[in-house]
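Engineer: This is the content of entry35.pdb (PDB, C-alpha atoms and all ligand atoms):
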ATOM      1  CA  MET A 166      -1.965  -5.978 -23.947
ATOM      2  CA  HIS A 167      -2.685  -2.265 -23.516
ATOM      3  CA  PHE A 168      -1.300  -0.801 -20.279
ATOM      4  CA  THR A 169      -0.906   2.473 -18.398
ATOM      5  CA  LYS A 170       2.100   2.876 -16.117
ATOM      6  CA  MET A 171       1.210   5.043 -13.132
ATOM      7  CA  HIS A 172       2.818   5.865  -9.791
ATOM      8  CA  GLY A 173       1.953   7.133  -6.371
ATOM      9  CA  LEU A 174       5.064   8.787  -4.904
ATOM     10  CA  GLY A 175       7.315   6.615  -7.026
ATOM     11  CA  ASN A 176       5.507   3.354  -6.148
ATOM     12  CA  SER A 177       4.768   2.372  -9.724
ATOM     13  CA  TYR A 178       2.518  -0.319 -11.159
ATOM     14  CA  ILE A 179       1.459  -1.446 -14.616
ATOM     15  CA  TYR A 180      -2.286  -0.797 -14.787
ATOM     16  CA  VAL A 181      -4.409  -2.974 -17.055
ATOM     17  CA  ASP A 182      -7.940  -1.854 -17.910
ATOM     18  CA  LEU A 183     -10.184  -4.928 -17.781
ATOM     19  CA  PHE A 184     -13.207  -2.882 -18.812
ATOM     20  CA  LYS A 185     -11.655  -3.015 -22.294
ATOM     21  CA  GLN A 186      -9.656  -6.263 -22.438
ATOM     22  CA  THR A 187      -9.479  -9.641 -20.768
ATOM     23  CA  LEU A 188      -6.581 -11.579 -19.243
ATOM     24  CA  ASP A 189      -6.187 -15.280 -18.490
ATOM     25  CA  GLU A 190      -6.722 -15.743 -14.727
ATOM     26  CA  ASP A 191      -4.157 -18.551 -14.672
ATOM     27  CA  LYS A 192      -1.457 -16.292 -16.094
ATOM     28  CA  LEU A 193      -1.872 -13.211 -13.865
ATOM     29  CA  ALA A 194       0.955 -14.035 -11.455
ATOM     30  CA  SER A 195       3.464 -14.764 -14.245
ATOM     31  CA  LEU A 196       2.307 -11.683 -16.193
ATOM     32  CA  ALA A 197       2.901  -9.485 -13.125
ATOM     33  CA  ILE A 198       6.453 -10.837 -12.833
ATOM     34  CA  GLU A 199       7.007 -10.295 -16.569
ATOM     35  CA  VAL A 200       5.732  -6.717 -16.836
ATOM     36  CA  ALA A 201       7.480  -5.634 -13.622
ATOM     37  CA  ASP A 202      10.900  -6.825 -14.838
ATOM     38  CA  LYS A 203      12.994  -3.715 -15.506
ATOM     39  CA  ASN A 204      15.190  -5.453 -18.074
ATOM     40  CA  LYS A 205      12.841  -7.674 -20.053
ATOM     41  CA  GLY A 206       9.524  -6.072 -19.190
ATOM     42  CA  ILE A 207       8.220  -2.562 -18.598
ATOM     43  CA  GLY A 208       9.600  -2.134 -15.075
ATOM     44  CA  SER A 209       7.473  -1.506 -11.974
ATOM     45  CA  ASP A 210       6.718  -2.642  -8.411
ATOM     46  CA  GLY A 211       3.990  -4.883  -9.773
ATOM     47  CA  MET A 212       0.730  -4.960 -11.763
ATOM     48  CA  ILE A 213      -2.714  -3.603 -10.902
ATOM     49  CA  LEU A 214      -5.931  -4.625 -12.653
ATOM     50  CA  VAL A 215      -8.755  -2.070 -13.009
ATOM     51  CA  CYS A 216     -11.818  -4.318 -13.103
ATOM     52  CA  PRO A 217     -15.600  -4.052 -13.369
ATOM     53  CA  SER A 218     -17.302  -4.845 -10.065
ATOM     54  CA  GLU A 219     -20.786  -5.816  -8.861
ATOM     55  CA  LYS A 220     -20.256  -4.004  -5.535
ATOM     56  CA  ALA A 221     -18.743  -0.702  -6.660
ATOM     57  CA  PRO A 222     -18.063   1.297  -9.852
ATOM     58  CA  VAL A 223     -14.591  -0.276 -10.034
ATOM     59  CA  LYS A 224     -12.502  -3.060  -8.463
ATOM     60  CA  MET A 225      -8.756  -3.096  -7.879
ATOM     61  CA  ARG A 226      -6.583  -6.238  -7.901
ATOM     62  CA  VAL A 227      -2.914  -5.861  -6.896
ATOM     63  CA  PHE A 228       0.021  -8.120  -7.794
ATOM     64  CA  ASN A 229       3.493  -7.598  -6.346
ATOM     65  CA  ASN A 230       6.549  -8.019  -8.568
ATOM     66  CA  ASP A 231       6.987 -11.579  -7.256
ATOM     67  CA  GLY A 232       3.551 -12.439  -8.633
ATOM     68  CA  SER A 233       1.835 -12.627  -5.236
ATOM     69  CA  GLU A 234      -1.614 -11.017  -5.014
ATOM     70  CA  ALA A 235      -2.239  -8.541  -2.175
ATOM     71  CA  LYS A 236      -5.537  -7.468  -0.623
ATOM     72  CA  ASN A 237      -4.835  -3.747  -0.646
ATOM     73  CA  CYS A 238      -2.542  -1.028  -1.989
ATOM     74  CA  GLY A 239      -2.822   2.604  -0.906
ATOM     75  CA  ASN A 240      -0.793   4.159  -3.715
ATOM     76  CA  GLY A 241      -2.591   1.863  -6.121
ATOM     77  CA  LEU A 242      -6.010   3.001  -4.882
ATOM     78  CA  ARG A 243      -5.192   6.639  -5.599
ATOM     79  CA  CYS A 244      -4.064   5.756  -9.143
ATOM     80  CA  VAL A 245      -7.118   3.522  -9.750
ATOM     81  CA  ALA A 246      -9.370   6.384  -8.604
ATOM     82  CA  LYS A 247      -7.635   8.790 -11.014
ATOM     83  CA  PHE A 248      -7.797   6.224 -13.837
ATOM     84  CA  ALA A 249     -11.488   5.414 -13.286
ATOM     85  CA  TYR A 250     -12.509   9.087 -13.101
ATOM     86  CA  GLU A 251     -10.468  10.203 -16.129
ATOM     87  CA  HIS A 252     -11.690   7.237 -18.196
ATOM     88  CA  GLY A 253     -15.313   8.023 -17.363
ATOM     89  CA  TYR A 254     -15.991   4.810 -15.420
ATOM     90  CA  VAL A 255     -17.298   7.026 -12.629
ATOM     91  CA  LYS A 256     -19.062  10.376 -12.916
ATOM     92  CA  GLU A 257     -19.028  11.414  -9.262
ATOM     93  CA  LYS A 258     -15.866  12.714  -7.587
ATOM     94  CA  THR A 259     -16.453  10.522  -4.538
ATOM     95  CA  PHE A 260     -17.010   6.829  -5.162
ATOM     96  CA  GLN A 261     -16.284   3.374  -3.772
ATOM     97  CA  ILE A 262     -13.566   1.021  -4.945
ATOM     98  CA  GLU A 263     -13.754  -2.724  -4.273
ATOM     99  CA  THR A 264     -10.578  -4.419  -3.072
ATOM    100  CA  LEU A 265      -9.979  -7.970  -1.851
ATOM    101  CA  GLY A 266      -9.722  -6.372   1.584
ATOM    102  CA  GLY A 267     -13.193  -4.770   1.317
ATOM    103  CA  LEU A 268     -14.743  -1.548   0.003
ATOM    104  CA  VAL A 269     -12.981   1.817   0.365
ATOM    105  CA  GLU A 270     -14.127   5.328  -0.613
ATOM    106  CA  ALA A 271     -12.061   7.623  -2.802
ATOM    107  CA  THR A 272     -12.445  11.337  -3.578
ATOM    108  CA  VAL A 273     -10.592  12.787  -6.551
ATOM    109  CA  HIS A 274      -9.368  16.413  -6.581
ATOM    110  CA  GLU A 275      -9.236  17.503 -10.231
ATOM    111  CA  GLU A 276      -8.208  20.644 -12.128
ATOM    112  CA  ASN A 277      -9.405  21.013 -15.732
ATOM    113  CA  GLY A 278     -10.395  17.345 -15.871
ATOM    114  CA  VAL A 279      -7.018  16.092 -14.635
ATOM    115  CA  VAL A 280      -6.860  14.439 -11.195
ATOM    116  CA  GLN A 281      -3.885  15.712  -9.194
ATOM    117  CA  LEU A 282      -4.581  14.480  -5.674
ATOM    118  CA  VAL A 283      -6.789  11.723  -4.296
ATOM    119  CA  THR A 284      -8.125  11.198  -0.785
ATOM    120  CA  VAL A 285      -8.971   7.630   0.211
ATOM    121  CA  ASP A 286     -10.924   6.592   3.310
ATOM    122  CA  MET A 287      -9.022   3.367   3.969
ATOM    123  CA  GLY A 288     -11.503   2.185   6.562
ATOM    124  CA  LYS A 289     -10.564   0.912  10.020
ATOM    125  CA  PRO A 290      -7.209  -0.750  10.748
ATOM    126  CA  VAL A 291      -7.331  -4.290  12.109
ATOM    127  CA  LEU A 292      -5.247  -4.774  15.263
ATOM    128  CA  ALA A 293      -6.132  -8.221  16.604
ATOM    129  CA  ARG A 294      -3.078 -10.471  16.349
ATOM    130  CA  LYS A 295      -4.877 -13.397  14.774
ATOM    131  CA  LEU A 296      -6.359 -11.137  12.088
ATOM    132  CA  ILE A 297      -3.041  -9.537  11.103
ATOM    133  CA  PRO A 298      -2.276 -12.534  10.956
ATOM    134  CA  MET A 299       0.600 -13.023  13.404
ATOM    135  CA  LEU A 300       1.399 -16.091  15.522
ATOM    136  CA  GLY A 301       1.884 -15.770  19.272
ATOM    137  CA  GLU A 302      -0.143 -15.490  22.479
ATOM    138  CA  ASP A 303      -3.689 -14.514  21.529
ATOM    139  CA  LYS A 304      -4.050 -10.926  22.725
ATOM    140  CA  GLU A 305      -6.000  -8.026  21.342
ATOM    141  CA  GLN A 306      -3.194  -5.862  20.004
ATOM    142  CA  VAL A 307       0.513  -6.228  19.202
ATOM    143  CA  VAL A 308       2.077  -2.923  20.342
ATOM    144  CA  ALA A 309       5.846  -2.585  20.793
ATOM    145  CA  GLU A 310       6.104  -6.358  21.317
ATOM    146  CA  PRO A 311       9.655  -7.743  21.573
ATOM    147  CA  PHE A 312      10.474  -9.705  18.387
ATOM    148  CA  LEU A 313      13.715 -11.683  18.430
ATOM    149  CA  LEU A 314      15.415 -11.936  15.031
ATOM    150  CA  ASP A 315      19.039 -13.107  14.556
ATOM    151  CA  ASP A 316      19.809 -12.557  18.247
ATOM    152  CA  GLU A 317      18.534  -8.970  18.053
ATOM    153  CA  SER A 318      15.296  -7.851  19.719
ATOM    154  CA  PHE A 319      13.001  -5.468  17.844
ATOM    155  CA  LYS A 320       9.853  -3.800  19.174
ATOM    156  CA  VAL A 321       7.125  -4.592  16.644
ATOM    157  CA  THR A 322       3.672  -3.030  16.342
ATOM    158  CA  ALA A 323       1.422  -5.033  14.006
ATOM    159  CA  VAL A 324      -1.345  -3.376  11.961
ATOM    160  CA  SER A 325      -3.456  -4.673   9.078
ATOM    161  CA  MET A 326      -4.901  -2.287   6.494
ATOM    162  CA  GLY A 327      -6.333  -5.261   4.664
ATOM    163  CA  ASN A 328      -2.706  -6.304   4.249
ATOM    164  CA  PRO A 329      -0.273  -7.033   7.088
ATOM    165  CA  HIS A 330       2.342  -4.554   8.413
ATOM    166  CA  ALA A 331       5.083  -4.822  11.042
ATOM    167  CA  VAL A 332       6.112  -1.334  12.208
ATOM    168  CA  MET A 333       9.284  -0.512  14.157
ATOM    169  CA  PHE A 334      10.561   2.843  15.458
ATOM    170  CA  VAL A 335      14.138   4.054  14.940
ATOM    171  CA  ASP A 336      16.026   7.170  16.090
ATOM    172  CA  ASP A 337      17.478   7.914  12.633
ATOM    173  CA  ILE A 338      15.605   6.787   9.521
ATOM    174  CA  SER A 339      18.794   7.003   7.445
ATOM    175  CA  GLN A 340      20.227   4.187   9.580
ATOM    176  CA  ALA A 341      17.127   1.959   9.442
ATOM    177  CA  PRO A 342      18.170  -1.678   8.641
ATOM    178  CA  VAL A 343      15.676  -1.977   5.768
ATOM    179  CA  ASP A 344      17.851  -4.162   3.530
ATOM    180  CA  GLU A 345      19.049  -6.348   6.381
ATOM    181  CA  ILE A 346      15.909  -6.876   8.471
ATOM    182  CA  GLY A 347      13.230  -6.357   5.784
ATOM    183  CA  PRO A 348      13.631  -9.628   3.885
ATOM    184  CA  LYS A 349      14.115 -11.681   7.075
ATOM    185  CA  MET A 350      11.031 -10.334   8.825
ATOM    186  CA  GLU A 351       8.952 -10.357   5.592
ATOM    187  CA  LYS A 352       8.959 -14.150   5.459
ATOM    188  CA  ASP A 353       9.326 -14.951   9.161
ATOM    189  CA  GLU A 354       7.152 -17.914  10.154
ATOM    190  CA  ARG A 355       5.466 -15.772  12.841
ATOM    191  CA  PHE A 356       3.701 -14.032   9.927
ATOM    192  CA  PRO A 357       1.830 -16.890   8.196
ATOM    193  CA  GLU A 358       0.926 -14.665   5.212
ATOM    194  CA  TRP A 359       4.318 -12.883   5.330
ATOM    195  CA  VAL A 360       4.380  -9.158   6.127
ATOM    196  CA  ASN A 361       5.264  -5.637   4.908
ATOM    197  CA  VAL A 362       8.084  -4.271   7.096
ATOM    198  CA  GLU A 363       8.173  -0.571   8.006
ATOM    199  CA  PHE A 364      10.627   1.666   9.888
ATOM    200  CA  VAL A 365       9.544   5.009  11.349
ATOM    201  CA  GLU A 366      11.446   7.983  12.771
ATOM    202  CA  VAL A 367       9.112  10.290  14.689
ATOM    203  CA  VAL A 368       9.876  14.004  14.132
ATOM    204  CA  SER A 369       6.847  15.285  16.036
ATOM    205  CA  GLU A 370       3.265  14.233  16.727
ATOM    206  CA  THR A 371       2.364  15.538  13.252
ATOM    207  CA  GLU A 372       5.420  14.437  11.223
ATOM    208  CA  ILE A 373       7.255  11.154  10.672
ATOM    209  CA  HIS A 374       9.887   9.710   8.343
ATOM    210  CA  PHE A 375       9.155   6.297   6.806
ATOM    211  CA  ARG A 376      10.958   3.508   4.975
ATOM    212  CA  VAL A 377       9.567   0.177   3.800
ATOM    213  CA  TRP A 378      10.499  -3.307   2.700
ATOM    214  CA  GLU A 379       7.321  -4.440   0.927
ATOM    215  CA  ARG A 380       6.025  -7.988   1.035
ATOM    216  CA  GLY A 381       6.474  -9.373  -2.447
ATOM    217  CA  SER A 382       8.252  -6.320  -3.877
ATOM    218  CA  GLY A 383      11.162  -5.412  -1.598
ATOM    219  CA  ILE A 384      12.227  -1.788  -1.102
ATOM    220  CA  THR A 385       9.825   0.632  -2.773
ATOM    221  CA  GLN A 386       9.735   4.434  -2.922
ATOM    222  CA  ALA A 387       6.462   4.481  -1.034
ATOM    223  CA  CYS A 388       3.781   2.250   0.484
ATOM    224  CA  GLY A 389       0.383   3.816   1.092
ATOM    225  CA  THR A 390      -1.069   1.105   3.320
ATOM    226  CA  GLY A 391       2.285   0.999   5.134
ATOM    227  CA  ALA A 392       2.178   4.744   5.762
ATOM    228  CA  CYS A 393      -1.342   4.359   7.169
ATOM    229  CA  ALA A 394      -0.122   1.505   9.390
ATOM    230  CA  ALA A 395       2.813   3.682  10.507
ATOM    231  CA  VAL A 396       0.497   6.509  11.631
ATOM    232  CA  VAL A 397      -1.764   4.050  13.472
ATOM    233  CA  ALA A 398       1.305   2.489  15.130
ATOM    234  CA  SER A 399       2.637   5.948  16.095
ATOM    235  CA  ILE A 400      -0.655   6.728  17.849
ATOM    236  CA  LEU A 401      -0.796   3.301  19.536
ATOM    237  CA  ASN A 402       2.720   4.003  20.855
ATOM    238  CA  GLY A 403       1.759   7.463  22.157
ATOM    239  CA  GLN A 404       3.842   9.325  19.530
ATOM    240  CA  ALA A 405       0.905  10.974  17.743
ATOM    241  CA  GLU A 406      -2.772  11.750  18.360
ATOM    242  CA  LYS A 407      -6.001  10.459  16.851
ATOM    243  CA  GLY A 408      -7.798  13.138  14.840
ATOM    244  CA  LYS A 409      -4.597  15.045  14.005
ATOM    245  CA  GLU A 410      -3.188  14.958  10.450
ATOM    246  CA  VAL A 411       0.292  13.459  10.189
ATOM    247  CA  THR A 412       2.691  14.242   7.346
ATOM    248  CA  VAL A 413       4.497  11.050   6.363
ATOM    249  CA  HIS A 414       7.799  11.610   4.526
ATOM    250  CA  LEU A 415       8.486   8.654   2.216
ATOM    251  CA  LEU A 416      11.385   8.291  -0.219
ATOM    252  CA  GLY A 417       9.109   9.263  -3.124
ATOM    253  CA  GLY A 418       7.254  12.132  -1.448
ATOM    254  CA  ASP A 419       4.723  12.960   1.277
ATOM    255  CA  LEU A 420       1.347  11.589   2.295
ATOM    256  CA  GLN A 421      -1.127  13.324   4.614
ATOM    257  CA  ILE A 422      -2.732  10.745   6.889
ATOM    258  CA  THR A 423      -5.243  11.053   9.732
ATOM    259  CA  TRP A 424      -6.564   8.310  12.014
ATOM    260  CA  LEU A 425      -9.977   9.834  12.635
ATOM    261  CA  GLU A 426     -11.866   9.690  15.925
ATOM    262  CA  ASN A 427     -14.424   7.463  14.150
ATOM    263  CA  GLY A 428     -11.668   4.878  13.648
ATOM    264  CA  HIS A 429     -11.272   5.363   9.886
ATOM    265  CA  VAL A 430      -7.894   6.221   8.337
ATOM    266  CA  LEU A 431      -7.823   8.984   5.694
ATOM    267  CA  MET A 432      -4.931   9.172   3.241
ATOM    268  CA  THR A 433      -4.316  12.008   0.746
ATOM    269  CA  GLY A 434      -1.593  12.040  -1.875
ATOM    270  CA  ALA A 435      -0.661  12.333  -5.531
ATOM    271  CA  ALA A 436      -1.375   9.926  -8.377
ATOM    272  CA  GLU A 437       0.357  10.319 -11.729
ATOM    273  CA  VAL A 438       0.453   8.772 -15.193
ATOM    274  CA  ILE A 439       3.924   7.931 -16.525
ATOM    275  CA  CYS A 440       3.099   6.426 -19.920
ATOM    276  CA  GLU A 441       0.711   4.240 -21.915
ATOM    277  CA  GLY A 442       1.544   1.504 -24.350
ATOM    278  CA  VAL A 443       1.159  -1.997 -25.703
ATOM    279  CA  PHE A 444       3.008  -4.884 -24.021
ATOM    280  CA  GLY A 445       3.819  -8.228 -25.624
ATOM    281  CA  ARG A 446       5.073  -9.657 -28.865
ATOM    282  CA  LYS A 447       3.611  -8.198 -32.054
TER     283      LYS A 447
HETATM  284  N1  LIG B   1       3.266  -5.225  -0.968
HETATM  285  C1  LIG B   1       1.899  -5.055  -0.458
HETATM  286  C2  LIG B   1       0.946  -4.634  -1.596
HETATM  287  C3  LIG B   1       1.271  -3.240  -2.118
HETATM  288  C4  LIG B   1       1.067  -2.207  -1.044
HETATM  289  C5  LIG B   1       1.743  -0.861  -1.278
HETATM  290  N2  LIG B   1       2.435  -0.676  -2.516
HETATM  291  C6  LIG B   1       0.800   0.288  -0.972
HETATM  292  O1  LIG B   1       0.903   1.358  -1.612
HETATM  293  O2  LIG B   1      -0.008   0.127  -0.026
HETATM  294  C7  LIG B   1       1.415  -6.390   0.147
HETATM  295  O3  LIG B   1       1.829  -7.447  -0.338
HETATM  296  O4  LIG B   1       0.605  -6.323   1.090
END
Could I get this file's structure written as structure tokens?
Structural biologist:
Amino acid sequence: MHFTKMHGLGNSYIYVDLFKQTLDEDKLASLAIEVADKNKGIGSDGMILVCPSEKAPVKMRVFNNDGSEAKNCGNGLRCVAKFAYEHGYVKEKTFQIETLGGLVEATVHEENGVVQLVTVDMGKPVLARKLIPMLGEDKEQVVAEPFLLDDESFKVTAVSMGNPHAVMFVDDISQAPVDEIGPKMEKDERFPEWVNVEFVEVVSETEIHFRVWERGSGITQACGTGACAAVVASILNGQAEKGKEVTVHLLGGDLQITWLENGHVLMTGAAEVICEGVFGRK
């Protein structure tokens, strides 16, 4: 199997071009686990398939390193956009990408034919509890809601970017209990489809620090959909303003994110190729 390893701010995936090869649908989950293994595989946060689509020039499918399939991936979208443009699957610099969470629009910023940065219109966040999904009293939004976990109460703001996110605010990001709380909250029964867990330290209304425990992958260097959810949560909690660009500092680098007045979330960041190769026994 031919692959390209790419990353968005250190959130790396093994990209497989299904315009040029086919994979057995029944083996996708186990293949994602295999290629992501840093000792016996290639090593990554998961696997992303770059697929033909009937709704857009290209479709993205995302698998975490536990084999679970997700409906969206922000860092993955930027890399898929770069891949599709540089491989000639799209001719325009702005084009749609199909995801399991719906259609998004990407714009590539290229220099001498090489895409350096990509802007993705991630669409509108979903805030209704039952659509996150999150169990509990049926109310429109979950903003700073007390969430009891191991006798400790956390204030959770829930946002879906096509995939579910639980965002909490801390005073010092370096002290955020990512390892301790991440895995417990990820699979808490109150999140029927599990959840990505994010911690945010607000620096100003245009700058935040961010850490993540990803559903299905654990701690990663960056989470694009999580960073979008973090900006939306910051605004819902009165810590930032709609229409103003926020710089999100993640372990692997920065993303520029704006929750526009029209309700859409724009994300701009890097997308890079690490290597290409052939995976599997000769
Ligand atoms: N772990 C996520 C998928 C990857 C999202 C993340 N890597 C991003 O860049 O948005 C989930 O299960 O919803």
Engineer: List, as a PyMOL selection string, every residue that the PyMOL selection byres (((not hetatm)) within 7 of (chain B and resi 1)) selects in the file provided.
Structural biologist: chain A and resi 176+227+229+234-241+328-329+360-361+379-382+387-391
Engineer: Applied to this file, what does the PyMOL selection byres (((chain A and resi 261) around 6) and not hetatm) return in terms of residues, put as a PyMOL selection string?
Structural biologist: chain A and resi 221+260+262+269-270
Engineer: Given 3 Å on each side, where is the centre and what are the edge lengths in Å to one decimal of the axis-aligned box enclosing the listed atoms of region 210-222 of chain A, as AutoDock Vina command-line options?
Structural biologist:
--center_x -7.0 --center_y -2.3 --center_z -9.5 --size_x 33.5 --size_y 13.1 --size_z 13.8
Engineer: Restricting the calculation to all atoms listed in the file, which member of A:Val332, A:Ala271, A:Val285, A:Val365 is positioned closest to Ile422 (chain A)?
Structural biologist: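 Of A:Val332, A:Ala271, A:Val285, A:Val365, the one nearest Ile422 (chain A), counting all atoms listed in the file, is A:Val285.
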Engineer: Would you write out, as an MDAnalysis selection string, every residue that the PyMOL selection byres (((chain A and resi 430) around 10) and not hetatm) captures in this file?
Structural biologist: chainID A and resid 285:290 326 390 393:394 396:397 407:408 422:429 431:432
Engineer: Which one is closest to Ser218 (chain A): A:Val291, A:Ile179, A:Leu188, A:Leu268? Count all atoms listed in the file.
Structural biologist: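 For Ser218 (chain A), the nearest of the given residues is A:Leu268.
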Engineer: Quick one, how far is CA of Ser318 (chain A) from CA of Pro348 (chain A)?
Structural biologist: 16.0 Å
Engineer: Distance CA of Ala323 (chain A)-CA of Val215 (chain A), one decimal place?
Structural biologist: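 Result for CA of Ala323 (chain A) versus CA of Val215 (chain A): 29.0 Å, one decimal.
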Engineer: Should you be able to, write region 286-300 of chain A of this structure into a file that contains N, CA and C atoms, as a PDB file, in the first residue's frame.
Structural biologist:
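Saved as part16.pdb:
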ATOM      1  N   ASP A 286     -13.178  26.622   5.749  1.00  0.00           N
ATOM      2  CA  ASP A 286     -14.455  27.056   6.342  1.00  0.00           C
ATOM      3  C   ASP A 286     -15.088  25.790   6.910  1.00  0.00           C
ATOM      4  N   MET A 287     -15.058  25.670   8.216  1.00  0.00           N
ATOM      5  CA  MET A 287     -15.501  24.436   8.891  1.00  0.00           C
ATOM      6  C   MET A 287     -17.013  24.367   9.049  1.00  0.00           C
ATOM      7  N   GLY A 288     -17.690  25.412   8.560  1.00  0.00           N
ATOM      8  CA  GLY A 288     -19.146  25.414   8.715  1.00  0.00           C
ATOM      9  C   GLY A 288     -19.544  25.895  10.096  1.00  0.00           C
ATOM     10  N   LYS A 289     -20.817  25.628  10.463  1.00  0.00           N
ATOM     11  CA  LYS A 289     -21.337  26.115  11.742  1.00  0.00           C
ATOM     12  C   LYS A 289     -21.178  25.055  12.830  1.00  0.00           C
ATOM     13  N   PRO A 290     -20.760  25.465  14.026  1.00  0.00           N
ATOM     14  CA  PRO A 290     -20.706  24.506  15.143  1.00  0.00           C
ATOM     15  C   PRO A 290     -22.127  24.103  15.521  1.00  0.00           C
ATOM     16  N   VAL A 291     -22.238  22.917  16.080  1.00  0.00           N
ATOM     17  CA  VAL A 291     -23.533  22.424  16.583  1.00  0.00           C
ATOM     18  C   VAL A 291     -23.470  22.475  18.092  1.00  0.00           C
ATOM     19  N   LEU A 292     -24.493  23.107  18.717  1.00  0.00           N
ATOM     20  CA  LEU A 292     -24.435  23.365  20.164  1.00  0.00           C
ATOM     21  C   LEU A 292     -25.542  22.670  20.953  1.00  0.00           C
ATOM     22  N   ALA A 293     -26.527  22.146  20.255  1.00  0.00           N
ATOM     23  CA  ALA A 293     -27.648  21.501  20.977  1.00  0.00           C
ATOM     24  C   ALA A 293     -27.162  20.217  21.644  1.00  0.00           C
ATOM     25  N   ARG A 294     -27.449  20.076  22.916  1.00  0.00           N
ATOM     26  CA  ARG A 294     -26.938  18.932  23.688  1.00  0.00           C
ATOM     27  C   ARG A 294     -27.156  17.591  22.978  1.00  0.00           C
ATOM     28  N   LYS A 295     -28.386  17.393  22.491  1.00  0.00           N
ATOM     29  CA  LYS A 295     -28.680  16.053  21.967  1.00  0.00           C
ATOM     30  C   LYS A 295     -27.951  15.784  20.651  1.00  0.00           C
ATOM     31  N   LEU A 296     -27.440  16.876  20.037  1.00  0.00           N
ATOM     32  CA  LEU A 296     -26.721  16.687  18.761  1.00  0.00           C
ATOM     33  C   LEU A 296     -25.207  16.613  18.949  1.00  0.00           C
ATOM     34  N   ILE A 297     -24.762  16.836  20.212  1.00  0.00           N
ATOM     35  CA  ILE A 297     -23.302  16.770  20.446  1.00  0.00           C
ATOM     36  C   ILE A 297     -22.774  15.359  20.116  1.00  0.00           C
ATOM     37  N   PRO A 298     -23.320  14.247  20.617  1.00  0.00           N
ATOM     38  CA  PRO A 298     -24.416  14.114  21.585  1.00  0.00           C
ATOM     39  C   PRO A 298     -23.893  14.030  23.025  1.00  0.00           C
ATOM     40  N   MET A 299     -24.757  14.524  23.943  1.00  0.00           N
ATOM     41  CA  MET A 299     -24.436  14.502  25.374  1.00  0.00           C
ATOM     42  C   MET A 299     -25.738  14.275  26.146  1.00  0.00           C
ATOM     43  N   LEU A 300     -25.709  13.331  27.083  1.00  0.00           N
ATOM     44  CA  LEU A 300     -26.908  13.037  27.881  1.00  0.00           C
ATOM     45  C   LEU A 300     -27.126  14.156  28.893  1.00  0.00           C
TER      46      LEU A 300
END
